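One structure below.
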Amino acid sequence: MTKKISLIKSDKIATVNNSVLHKKLGILPSDLFNQVEVALKKSLNIT
């Protein structure tokens with residue numbers, strides 16, 4: 001299987017029904033998860 005690059009856009013947030021999700025794509029390392037969390041808080045204006 002070939003690895004694919006993923007992209008997280010914290011300024012493009014949408015709700016998705018569970019039925020759309022078919023399988024787990026991978027694991028986000030904790031350092032990147034923390035960056036995503038900070039970006040989401042900034043986008044949502046949450047402190």
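Labeling convention for the structure tokens: chains A, B, ... as they appear, residues from 1 per chain, ligands from 1 in order of appearance.
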Residues within 12 Å of segment 10-19 of chain A, only C-alpha atoms, excluding chain neighbours under 3 positions, as a ChimeraX atom specification: /A:7,22-24,33,35-45
Residues flagged helix (DSSP H, G or I) by DSSP in chain A, as a list in words: Asn18, Ser19, Val20, Ser30, Asp31, Leu32, Phe33, Asn34, Gln35, Val36, Glu37, Val38, Ala39, Leu40, Lys41, Lys42 and Ser43 of chain A
Long-range neighbours of Ser6 of chain A as a VMD selection string, 12 Å cut-off, only C-alpha atoms, 4 positions minimum in chain: chain A and resid 25 to 28 32
